[in-house]
Amino acid sequence: MNDTNPSPEKLAKQAEKAYQADDFSQAVMLYEQAAQLYKDAGDELAAAEQANNLSVCLLKMKDAEAALHAAAGTDLLFQEAGDVNRQAIAIANQAAAMEELGQLEEALERYGIASELLKQTGNKQMRSYV
């Protein structure tokens with residue numbers, strides 16, 4: 001592919017660089033594009049991964065409603081694929097957005113689910129954040 005039609009992988013890498021540079025608006029745009037291209041290509045899991053990255057960016061931009069919307073349902077895709085680690089991270093992303101929206105009971109419940117799933121995977125580093 002040429003630069004006028006970048007691959008979703010290239011867009012995702014550019015998005016990550018923008019995120020690391022705290023250029024969240026650029027990262028949001030690139031993550032959205034990458035997610036759509038992955039979805040168009042039939043790679044729902046990669047699209048869900050980008051949607052979760054998008055959710056984190058949106059939270060950094062203080063748009064919790066959009067962050068929750070971006071991550072909605074991604075946990076179910078990961079669950080269906082048997083990817084417990086990414087399922088847990090998706091649930092934690094949803095919880096973080098809910099917390100920012102003041103939906104504290106729902107957030108606490110989701111944090112608990114995410115923590116238990118991460119315990120199953122042995123991901124102690126990520127579990128400490130949840």
# chains A, B, ... in the order shown; residues from 1 in each chain; ligands from 1
>>> residues_around(residues="Gln50 (chain A)", least_positions_apart="5", cutoff="8 Å", atoms="only C-alpha atoms", output="list in words")
Ala12, Tyr31, Glu32, Ala34 and Ala35 of chain A
>>> residues_around(residues="region 64-71 of chain A", least_positions_apart="6", cutoff="10 Å", atoms="only C-alpha atoms", output="PDB file with N, CA, C and O atoms, in the first residue's frame")
ATOM      1  N   GLU A  32      -9.248   5.730  15.236  1.00  0.00           N
ATOM      2  CA  GLU A  32     -10.547   5.538  14.583  1.00  0.00           C
ATOM      3  C   GLU A  32     -10.370   4.976  13.179  1.00  0.00           C
ATOM      4  O   GLU A  32     -11.075   4.053  12.772  1.00  0.00           O
ATOM      5  N   ALA A  48     -11.247  -4.152  17.626  1.00  0.00           N
ATOM      6  CA  ALA A  48     -11.593  -3.976  19.034  1.00  0.00           C
ATOM      7  C   ALA A  48     -10.395  -3.456  19.831  1.00  0.00           C
ATOM      8  O   ALA A  48     -10.555  -2.623  20.732  1.00  0.00           O
ATOM      9  N   GLU A  49      -9.217  -3.936  19.492  1.00  0.00           N
ATOM     10  CA  GLU A  49      -8.001  -3.449  20.161  1.00  0.00           C
ATOM     11  C   GLU A  49      -7.828  -1.953  19.910  1.00  0.00           C
ATOM     12  O   GLU A  49      -7.541  -1.182  20.832  1.00  0.00           O
ATOM     13  N   GLN A  50      -8.011  -1.541  18.673  1.00  0.00           N
ATOM     14  CA  GLN A  50      -7.893  -0.122  18.341  1.00  0.00           C
ATOM     15  C   GLN A  50      -8.992   0.692  19.017  1.00  0.00           C
ATOM     16  O   GLN A  50      -8.762   1.822  19.447  1.00  0.00           O
ATOM     17  N   ALA A  51     -10.181   0.130  19.121  1.00  0.00           N
ATOM     18  CA  ALA A  51     -11.279   0.815  19.805  1.00  0.00           C
ATOM     19  C   ALA A  51     -10.942   1.035  21.280  1.00  0.00           C
ATOM     20  O   ALA A  51     -11.273   2.078  21.856  1.00  0.00           O
ATOM     21  N   ASN A  52     -10.274   0.079  21.890  1.00  0.00           N
ATOM     22  CA  ASN A  52      -9.865   0.241  23.287  1.00  0.00           C
ATOM     23  C   ASN A  52      -8.768   1.278  23.422  1.00  0.00           C
ATOM     24  O   ASN A  52      -8.767   2.066  24.372  1.00  0.00           O
ATOM     25  N   ASN A  53      -7.840   1.301  22.470  1.00  0.00           N
ATOM     26  CA  ASN A  53      -6.823   2.353  22.475  1.00  0.00           C
ATOM     27  C   ASN A  53      -7.491   3.724  22.319  1.00  0.00           C
ATOM     28  O   ASN A  53      -7.120   4.685  22.990  1.00  0.00           O
ATOM     29  N   LEU A  54      -8.470   3.788  21.435  1.00  0.00           N
ATOM     30  CA  LEU A  54      -9.244   5.006  21.233  1.00  0.00           C
ATOM     31  C   LEU A  54      -9.914   5.430  22.538  1.00  0.00           C
ATOM     32  O   LEU A  54      -9.901   6.610  22.913  1.00  0.00           O
ATOM     33  N   SER A  55     -10.485   4.479  23.246  1.00  0.00           N
ATOM     34  CA  SER A  55     -11.154   4.758  24.512  1.00  0.00           C
ATOM     35  C   SER A  55     -10.204   5.410  25.511  1.00  0.00           C
ATOM     36  O   SER A  55     -10.566   6.379  26.181  1.00  0.00           O
ATOM     37  N   VAL A  56      -8.998   4.896  25.597  1.00  0.00           N
ATOM     38  CA  VAL A  56      -8.006   5.454  26.521  1.00  0.00           C
ATOM     39  C   VAL A  56      -7.677   6.899  26.134  1.00  0.00           C
ATOM     40  O   VAL A  56      -7.602   7.781  26.992  1.00  0.00           O
ATOM     41  N   CYS A  57      -7.504   7.148  24.830  1.00  0.00           N
ATOM     42  CA  CYS A  57      -7.224   8.514  24.362  1.00  0.00           C
ATOM     43  C   CYS A  57      -8.369   9.459  24.708  1.00  0.00           C
ATOM     44  O   CYS A  57      -8.135  10.588  25.158  1.00  0.00           O
ATOM     45  N   LEU A  58      -9.573   9.013  24.457  1.00  0.00           N
ATOM     46  CA  LEU A  58     -10.730   9.849  24.739  1.00  0.00           C
ATOM     47  C   LEU A  58     -10.842  10.178  26.223  1.00  0.00           C
ATOM     48  O   LEU A  58     -11.202  11.294  26.595  1.00  0.00           O
ATOM     49  N   ILE A  89      -8.909  -6.122  30.087  1.00  0.00           N
ATOM     50  CA  ILE A  89      -8.477  -4.744  29.843  1.00  0.00           C
ATOM     51  C   ILE A  89      -9.629  -3.929  29.273  1.00  0.00           C
ATOM     52  O   ILE A  89      -9.836  -2.771  29.655  1.00  0.00           O
ATOM     53  N   ALA A  90     -10.411  -4.514  28.379  1.00  0.00           N
ATOM     54  CA  ALA A  90     -11.568  -3.816  27.813  1.00  0.00           C
ATOM     55  C   ALA A  90     -12.581  -3.476  28.914  1.00  0.00           C
ATOM     56  O   ALA A  90     -13.121  -2.364  28.953  1.00  0.00           O
ATOM     57  N   ILE A  91     -12.816  -4.413  29.812  1.00  0.00           N
ATOM     58  CA  ILE A  91     -13.742  -4.166  30.921  1.00  0.00           C
ATOM     59  C   ILE A  91     -13.198  -3.053  31.826  1.00  0.00           C
ATOM     60  O   ILE A  91     -13.953  -2.181  32.267  1.00  0.00           O
ATOM     61  N   ALA A  92     -11.898  -3.070  32.068  1.00  0.00           N
ATOM     62  CA  ALA A  92     -11.287  -2.020  32.892  1.00  0.00           C
ATOM     63  C   ALA A  92     -11.404  -0.656  32.208  1.00  0.00           C
ATOM     64  O   ALA A  92     -11.634   0.359  32.867  1.00  0.00           O
ATOM     65  N   ASN A  93     -11.251  -0.622  30.881  1.00  0.00           N
ATOM     66  CA  ASN A  93     -11.413   0.639  30.149  1.00  0.00           C
ATOM     67  C   ASN A  93     -12.845   1.159  30.284  1.00  0.00           C
ATOM     68  O   ASN A  93     -13.070   2.361  30.478  1.00  0.00           O
ATOM     69  N   GLN A  94     -13.798   0.246  30.200  1.00  0.00           N
ATOM     70  CA  GLN A  94     -15.200   0.641  30.380  1.00  0.00           C
ATOM     71  C   GLN A  94     -15.409   1.175  31.800  1.00  0.00           C
ATOM     72  O   GLN A  94     -16.099   2.185  32.001  1.00  0.00           O
ATOM     73  N   ALA A  95     -14.818   0.510  32.770  1.00  0.00           N
ATOM     74  CA  ALA A  95     -14.954   0.927  34.167  1.00  0.00           C
ATOM     75  C   ALA A  95     -14.375   2.315  34.384  1.00  0.00           C
ATOM     76  O   ALA A  95     -14.967   3.137  35.093  1.00  0.00           O
ATOM     77  N   ALA A  96     -13.240   2.585  33.777  1.00  0.00           N
ATOM     78  CA  ALA A  96     -12.608   3.897  33.931  1.00  0.00           C
ATOM     79  C   ALA A  96     -13.514   4.999  33.375  1.00  0.00           C
ATOM     80  O   ALA A  96     -13.655   6.067  33.980  1.00  0.00           O
ATOM     81  N   ALA A  97     -14.129   4.727  32.237  1.00  0.00           N
ATOM     82  CA  ALA A  97     -15.050   5.707  31.654  1.00  0.00           C
ATOM     83  C   ALA A  97     -16.275   5.886  32.555  1.00  0.00           C
ATOM     84  O   ALA A  97     -16.716   7.013  32.787  1.00  0.00           O
ATOM     85  N   MET A  98     -16.804   4.776  33.058  1.00  0.00           N
ATOM     86  CA  MET A  98     -17.961   4.855  33.952  1.00  0.00           C
ATOM     87  C   MET A  98     -17.627   5.640  35.216  1.00  0.00           C
ATOM     88  O   MET A  98     -18.444   6.431  35.699  1.00  0.00           O
ATOM     89  N   GLU A  99     -16.430   5.432  35.732  1.00  0.00           N
ATOM     90  CA  GLU A  99     -16.000   6.162  36.927  1.00  0.00           C
ATOM     91  C   GLU A  99     -16.000   7.671  36.649  1.00  0.00           C
ATOM     92  O   GLU A  99     -16.501   8.454  37.463  1.00  0.00           O
ATOM     93  N   GLU A 100     -15.449   8.062  35.505  1.00  0.00           N
ATOM     94  CA  GLU A 100     -15.418   9.479  35.146  1.00  0.00           C
ATOM     95  C   GLU A 100     -16.819  10.052  34.952  1.00  0.00           C
ATOM     96  O   GLU A 100     -17.049  11.232  35.175  1.00  0.00           O
ATOM     97  N   LEU A 101     -17.753   9.211  34.530  1.00  0.00           N
ATOM     98  CA  LEU A 101     -19.134   9.645  34.325  1.00  0.00           C
ATOM     99  C   LEU A 101     -19.945   9.657  35.626  1.00  0.00           C
ATOM    100  O   LEU A 101     -21.119  10.009  35.625  1.00  0.00           O
ATOM    101  N   GLY A 102     -19.301   9.224  36.720  1.00  0.00           N
ATOM    102  CA  GLY A 102     -19.986   9.200  37.997  1.00  0.00           C
ATOM    103  C   GLY A 102     -20.831   7.962  38.215  1.00  0.00           C
ATOM    104  O   GLY A 102     -21.602   7.898  39.170  1.00  0.00           O
TER     105      GLY A 102
END
>>> residues_around(residues="Leu45 (chain A)", least_positions_apart="2", cutoff="10 Å", atoms="only C-alpha atoms", output="MDAnalysis selection string")
chainID A and resid 35 38:39 42:43 47:51 74:75 77:78 80:81 83 86
>>> write_last_selection(atoms="all heavy atoms", output="compact mmCIF listing (two decimals), in the first residue's frame")
# COMPACT_ATOMS: atom_id res chain seq x y z
N ALA A 35 -9.13 1.33 13.35
CA ALA A 35 -10.22 0.43 13.75
C ALA A 35 -11.16 0.17 12.58
O ALA A 35 -11.56 -0.97 12.34
CB ALA A 35 -10.99 1.03 14.93
N TYR A 38 -9.47 -2.14 9.99
CA TYR A 38 -9.46 -3.52 10.48
C TYR A 38 -10.85 -4.13 10.37
O TYR A 38 -11.00 -5.28 9.94
CB TYR A 38 -8.99 -3.58 11.93
CG TYR A 38 -7.49 -3.58 12.11
CD1 TYR A 38 -6.88 -2.63 12.92
CD2 TYR A 38 -6.68 -4.54 11.50
CE1 TYR A 38 -5.50 -2.63 13.12
CE2 TYR A 38 -5.31 -4.54 11.69
CZ TYR A 38 -4.72 -3.59 12.49
OH TYR A 38 -3.36 -3.59 12.68
N LYS A 39 -11.86 -3.37 10.74
CA LYS A 39 -13.23 -3.86 10.66
C LYS A 39 -13.61 -4.17 9.22
O LYS A 39 -14.21 -5.20 8.93
CB LYS A 39 -14.18 -2.83 11.27
CG LYS A 39 -15.55 -3.35 11.57
CD LYS A 39 -16.35 -2.32 12.37
CE LYS A 39 -17.59 -2.97 12.90
NZ LYS A 39 -18.37 -2.06 13.74
N GLY A 42 -12.39 -7.34 8.10
CA GLY A 42 -12.93 -8.50 8.79
C GLY A 42 -12.14 -8.92 10.01
O GLY A 42 -12.38 -10.00 10.56
N ASP A 43 -11.21 -8.10 10.45
CA ASP A 43 -10.40 -8.43 11.63
C ASP A 43 -11.02 -7.73 12.85
O ASP A 43 -10.56 -6.65 13.27
CB ASP A 43 -8.96 -8.00 11.42
CG ASP A 43 -8.02 -8.55 12.49
OD1 ASP A 43 -8.51 -8.95 13.57
OD2 ASP A 43 -6.80 -8.56 12.25
N ALA A 47 -9.72 -4.60 15.33
CA ALA A 47 -10.57 -3.41 15.40
C ALA A 47 -10.94 -3.12 16.86
O ALA A 47 -10.92 -1.95 17.28
CB ALA A 47 -11.84 -3.61 14.56
N ALA A 48 -11.25 -4.15 17.63
CA ALA A 48 -11.59 -3.98 19.03
C ALA A 48 -10.39 -3.46 19.83
O ALA A 48 -10.56 -2.62 20.73
CB ALA A 48 -12.10 -5.30 19.62
N GLU A 49 -9.22 -3.94 19.49
CA GLU A 49 -8.00 -3.45 20.16
C GLU A 49 -7.83 -1.95 19.91
O GLU A 49 -7.54 -1.18 20.83
CB GLU A 49 -6.78 -4.22 19.65
CG GLU A 49 -5.48 -3.79 20.27
CD GLU A 49 -5.32 -4.20 21.73
OE1 GLU A 49 -5.97 -5.17 22.16
OE2 GLU A 49 -4.55 -3.53 22.44
N GLN A 50 -8.01 -1.54 18.67
CA GLN A 50 -7.89 -0.12 18.34
C GLN A 50 -8.99 0.69 19.02
O GLN A 50 -8.76 1.82 19.45
CB GLN A 50 -7.91 0.09 16.82
CG GLN A 50 -6.75 -0.58 16.10
CD GLN A 50 -5.40 -0.35 16.73
OE1 GLN A 50 -5.02 0.79 16.98
NE2 GLN A 50 -4.68 -1.41 17.02
N ALA A 51 -10.18 0.13 19.12
CA ALA A 51 -11.28 0.82 19.80
C ALA A 51 -10.94 1.04 21.28
O ALA A 51 -11.27 2.08 21.86
CB ALA A 51 -12.57 0.02 19.66
N THR A 74 -16.49 -4.42 23.20
CA THR A 74 -15.21 -5.03 22.82
C THR A 74 -14.86 -6.19 23.74
O THR A 74 -14.23 -7.16 23.31
CB THR A 74 -14.07 -4.00 22.81
OG1 THR A 74 -13.95 -3.40 24.10
CG2 THR A 74 -14.31 -2.91 21.76
N ASP A 75 -15.26 -6.10 25.00
CA ASP A 75 -14.99 -7.19 25.94
C ASP A 75 -15.65 -8.49 25.48
O ASP A 75 -15.09 -9.57 25.64
CB ASP A 75 -15.44 -6.82 27.35
CG ASP A 75 -16.93 -6.46 27.43
OD1 ASP A 75 -17.41 -5.68 26.58
OD2 ASP A 75 -17.60 -6.96 28.35
N LEU A 77 -16.26 -9.38 22.33
CA LEU A 77 -15.49 -9.92 21.21
C LEU A 77 -14.28 -10.70 21.71
O LEU A 77 -13.98 -11.79 21.23
CB LEU A 77 -15.04 -8.80 20.27
CG LEU A 77 -16.14 -8.13 19.46
CD1 LEU A 77 -15.60 -6.89 18.75
CD2 LEU A 77 -16.74 -9.09 18.45
N PHE A 78 -13.59 -10.11 22.69
CA PHE A 78 -12.42 -10.80 23.25
C PHE A 78 -12.82 -12.06 24.00
O PHE A 78 -12.14 -13.09 23.92
CB PHE A 78 -11.62 -9.86 24.16
CG PHE A 78 -10.97 -8.71 23.43
CD1 PHE A 78 -11.12 -7.41 23.89
CD2 PHE A 78 -10.22 -8.92 22.28
CE1 PHE A 78 -10.52 -6.35 23.23
CE2 PHE A 78 -9.62 -7.86 21.60
CZ PHE A 78 -9.77 -6.57 22.08
N GLU A 80 -15.43 -13.98 23.33
CA GLU A 80 -15.74 -14.99 22.31
C GLU A 80 -14.49 -15.61 21.72
O GLU A 80 -14.49 -16.79 21.36
CB GLU A 80 -16.58 -14.37 21.19
CG GLU A 80 -18.00 -14.04 21.60
CD GLU A 80 -18.76 -13.27 20.53
OE1 GLU A 80 -18.33 -13.26 19.36
OE2 GLU A 80 -19.80 -12.66 20.88
N ALA A 81 -13.43 -14.82 21.63
CA ALA A 81 -12.17 -15.31 21.06
C ALA A 81 -11.32 -16.04 22.10
O ALA A 81 -10.28 -16.60 21.75
CB ALA A 81 -11.38 -14.14 20.49
N ASP A 83 -9.76 -14.60 24.56
CA ASP A 83 -8.64 -13.73 24.94
C ASP A 83 -9.00 -13.03 26.25
O ASP A 83 -9.49 -11.90 26.27
CB ASP A 83 -8.36 -12.73 23.83
CG ASP A 83 -7.07 -11.96 24.04
OD1 ASP A 83 -6.63 -11.82 25.21
OD2 ASP A 83 -6.50 -11.49 23.03
N ARG A 86 -7.19 -9.51 27.14
CA ARG A 86 -7.74 -8.31 26.48
C ARG A 86 -9.20 -8.08 26.87
O ARG A 86 -9.65 -6.93 26.91
CB ARG A 86 -7.57 -8.40 24.96
CG ARG A 86 -6.10 -8.27 24.54
CD ARG A 86 -5.92 -7.92 23.09
NE ARG A 86 -6.35 -9.00 22.21
CZ ARG A 86 -6.31 -8.92 20.89
NH1 ARG A 86 -5.89 -7.81 20.28
NH2 ARG A 86 -6.70 -9.93 20.15
>>> closest_residue(among="A:Glu44, A:Asp22, A:Glu116, A:Glu106", to="Leu76 (chain A)", atoms="only C-alpha atoms")
A:Glu44
>>> closest_residue(among="A:Met61, A:Leu108, A:Ala88, A:Gln36", to="Tyr19 (chain A)", atoms="only C-alpha atoms")
A:Met61
>>> select_by_dssp(residues="chain A", states="helix (DSSP H, G or I)", output="VMD selection string")
chain A and resid 8 to 20 24 to 40 44 to 60 64 to 71 74 to 81 84 to 100 104 to 121 124 to 129
>>> write_last_selection(atoms="C-alpha atoms", output="mmCIF file, in the first residue's frame")
data_model
loop_
_atom_site.group_PDB
_atom_site.id
_atom_site.type_symbol
_atom_site.label_atom_id
_atom_site.label_comp_id
_atom_site.auth_asym_id
_atom_site.auth_seq_id
_atom_site.Cartn_x
_atom_site.Cartn_y
_atom_site.Cartn_z
ATOM 1 C CA PRO A 8 -4.296 -0.290 9.533
ATOM 2 C CA GLU A 9 -1.035 -1.483 11.091
ATOM 3 C CA LYS A 10 0.738 1.679 9.965
ATOM 4 C CA LEU A 11 -2.108 3.859 11.233
ATOM 5 C CA ALA A 12 -2.050 2.062 14.587
ATOM 6 C CA LYS A 13 1.710 2.672 14.903
ATOM 7 C CA GLN A 14 1.257 6.340 14.025
ATOM 8 C CA ALA A 15 -1.554 6.564 16.568
ATOM 9 C CA GLU A 16 0.657 5.053 19.258
ATOM 10 C CA LYS A 17 3.402 7.602 18.477
ATOM 11 C CA ALA A 18 0.879 10.443 18.662
ATOM 12 C CA TYR A 19 -0.434 9.065 21.971
ATOM 13 C CA GLN A 20 3.067 8.845 23.426
ATOM 14 C CA PHE A 24 -4.388 12.835 21.795
ATOM 15 C CA SER A 25 -6.556 14.447 19.124
ATOM 16 C CA GLN A 26 -4.254 13.084 16.409
ATOM 17 C CA ALA A 27 -4.162 9.697 18.130
ATOM 18 C CA VAL A 28 -7.958 9.601 18.284
ATOM 19 C CA MET A 29 -8.243 10.261 14.563
ATOM 20 C CA LEU A 30 -5.653 7.596 13.711
ATOM 21 C CA TYR A 31 -7.082 4.974 16.075
ATOM 22 C CA GLU A 32 -10.547 5.538 14.583
ATOM 23 C CA GLN A 33 -9.178 5.078 11.071
ATOM 24 C CA ALA A 34 -7.203 1.973 12.029
ATOM 25 C CA ALA A 35 -10.221 0.433 13.749
ATOM 26 C CA GLN A 36 -12.407 1.053 10.712
ATOM 27 C CA LEU A 37 -9.862 -0.434 8.304
ATOM 28 C CA TYR A 38 -9.456 -3.520 10.478
ATOM 29 C CA LYS A 39 -13.231 -3.858 10.664
ATOM 30 C CA ASP A 40 -13.557 -3.456 6.892
ATOM 31 C CA GLU A 44 -12.824 -7.731 14.483
ATOM 32 C CA LEU A 45 -10.268 -8.398 17.236
ATOM 33 C CA ALA A 46 -7.746 -5.927 15.846
ATOM 34 C CA ALA A 47 -10.574 -3.414 15.403
ATOM 35 C CA ALA A 48 -11.593 -3.976 19.034
ATOM 36 C CA GLU A 49 -8.001 -3.449 20.161
ATOM 37 C CA GLN A 50 -7.893 -0.122 18.341
ATOM 38 C CA ALA A 51 -11.279 0.815 19.805
ATOM 39 C CA ASN A 52 -9.865 0.241 23.287
ATOM 40 C CA ASN A 53 -6.823 2.353 22.475
ATOM 41 C CA LEU A 54 -9.244 5.006 21.233
ATOM 42 C CA SER A 55 -11.154 4.758 24.512
ATOM 43 C CA VAL A 56 -8.006 5.454 26.521
ATOM 44 C CA CYS A 57 -7.224 8.514 24.362
ATOM 45 C CA LEU A 58 -10.730 9.849 24.739
ATOM 46 C CA LEU A 59 -10.481 9.486 28.511
ATOM 47 C CA LYS A 60 -7.231 11.463 28.424
ATOM 48 C CA ALA A 64 -15.722 9.846 29.134
ATOM 49 C CA GLU A 65 -18.996 9.383 27.250
ATOM 50 C CA ALA A 66 -17.183 8.821 23.945
ATOM 51 C CA ALA A 67 -14.601 6.653 25.719
ATOM 52 C CA LEU A 68 -17.323 4.391 27.070
ATOM 53 C CA HIS A 69 -18.960 4.216 23.658
ATOM 54 C CA ALA A 70 -15.633 3.324 21.988
ATOM 55 C CA ALA A 71 -14.969 0.404 24.348
ATOM 56 C CA THR A 74 -15.211 -5.032 22.818
ATOM 57 C CA ASP A 75 -14.994 -7.186 25.936
ATOM 58 C CA LEU A 76 -17.534 -9.561 24.401
ATOM 59 C CA LEU A 77 -15.492 -9.921 21.206
ATOM 60 C CA PHE A 78 -12.418 -10.796 23.245
ATOM 61 C CA GLN A 79 -14.450 -13.181 25.404
ATOM 62 C CA GLU A 80 -15.745 -14.993 22.309
ATOM 63 C CA ALA A 81 -12.171 -15.305 21.063
ATOM 64 C CA VAL A 84 -9.184 -13.264 28.666
ATOM 65 C CA ASN A 85 -6.385 -10.733 29.084
ATOM 66 C CA ARG A 86 -7.740 -8.313 26.478
ATOM 67 C CA GLN A 87 -11.282 -8.972 27.714
ATOM 68 C CA ALA A 88 -10.227 -7.835 31.184
ATOM 69 C CA ILE A 89 -8.477 -4.744 29.843
ATOM 70 C CA ALA A 90 -11.568 -3.816 27.813
ATOM 71 C CA ILE A 91 -13.742 -4.166 30.921
ATOM 72 C CA ALA A 92 -11.287 -2.020 32.892
ATOM 73 C CA ASN A 93 -11.413 0.639 30.149
ATOM 74 C CA GLN A 94 -15.200 0.641 30.380
ATOM 75 C CA ALA A 95 -14.954 0.927 34.167
ATOM 76 C CA ALA A 96 -12.608 3.897 33.931
ATOM 77 C CA ALA A 97 -15.050 5.707 31.654
ATOM 78 C CA MET A 98 -17.961 4.855 33.952
ATOM 79 C CA GLU A 99 -16.000 6.162 36.927
ATOM 80 C CA GLU A 100 -15.418 9.479 35.146
ATOM 81 C CA LEU A 104 -19.490 4.510 40.507
ATOM 82 C CA GLU A 105 -21.390 1.313 41.351
ATOM 83 C CA GLU A 106 -21.164 0.055 37.769
ATOM 84 C CA ALA A 107 -17.500 1.058 37.582
ATOM 85 C CA LEU A 108 -16.664 -0.754 40.817
ATOM 86 C CA GLU A 109 -18.446 -3.875 39.593
ATOM 87 C CA ARG A 110 -16.528 -3.831 36.296
ATOM 88 C CA TYR A 111 -13.209 -3.184 38.023
ATOM 89 C CA GLY A 112 -13.894 -6.264 40.160
ATOM 90 C CA ILE A 113 -14.641 -8.391 37.107
ATOM 91 C CA ALA A 114 -11.527 -7.137 35.347
ATOM 92 C CA SER A 115 -9.397 -7.830 38.409
ATOM 93 C CA GLU A 116 -10.683 -11.397 38.694
ATOM 94 C CA LEU A 117 -10.059 -12.048 34.996
ATOM 95 C CA LEU A 118 -6.542 -10.644 35.234
ATOM 96 C CA LYS A 119 -5.953 -12.847 38.270
ATOM 97 C CA GLN A 120 -6.835 -15.841 36.076
ATOM 98 C CA THR A 121 -4.321 -14.772 33.436
ATOM 99 C CA LYS A 124 -0.053 -8.999 37.914
ATOM 100 C CA GLN A 125 1.215 -5.774 36.367
ATOM 101 C CA MET A 126 -2.094 -4.914 34.722
ATOM 102 C CA ARG A 127 -4.055 -6.175 37.711
ATOM 103 C CA SER A 128 -2.278 -3.654 39.944
ATOM 104 C CA TYR A 129 -3.735 -0.854 37.799
#
>>> closest_residue(among="A:Ser7, A:Ala21, A:Gly122, A:Asp63", to="Ala41 (chain A)", atoms="only C-alpha atoms")
A:Ser7
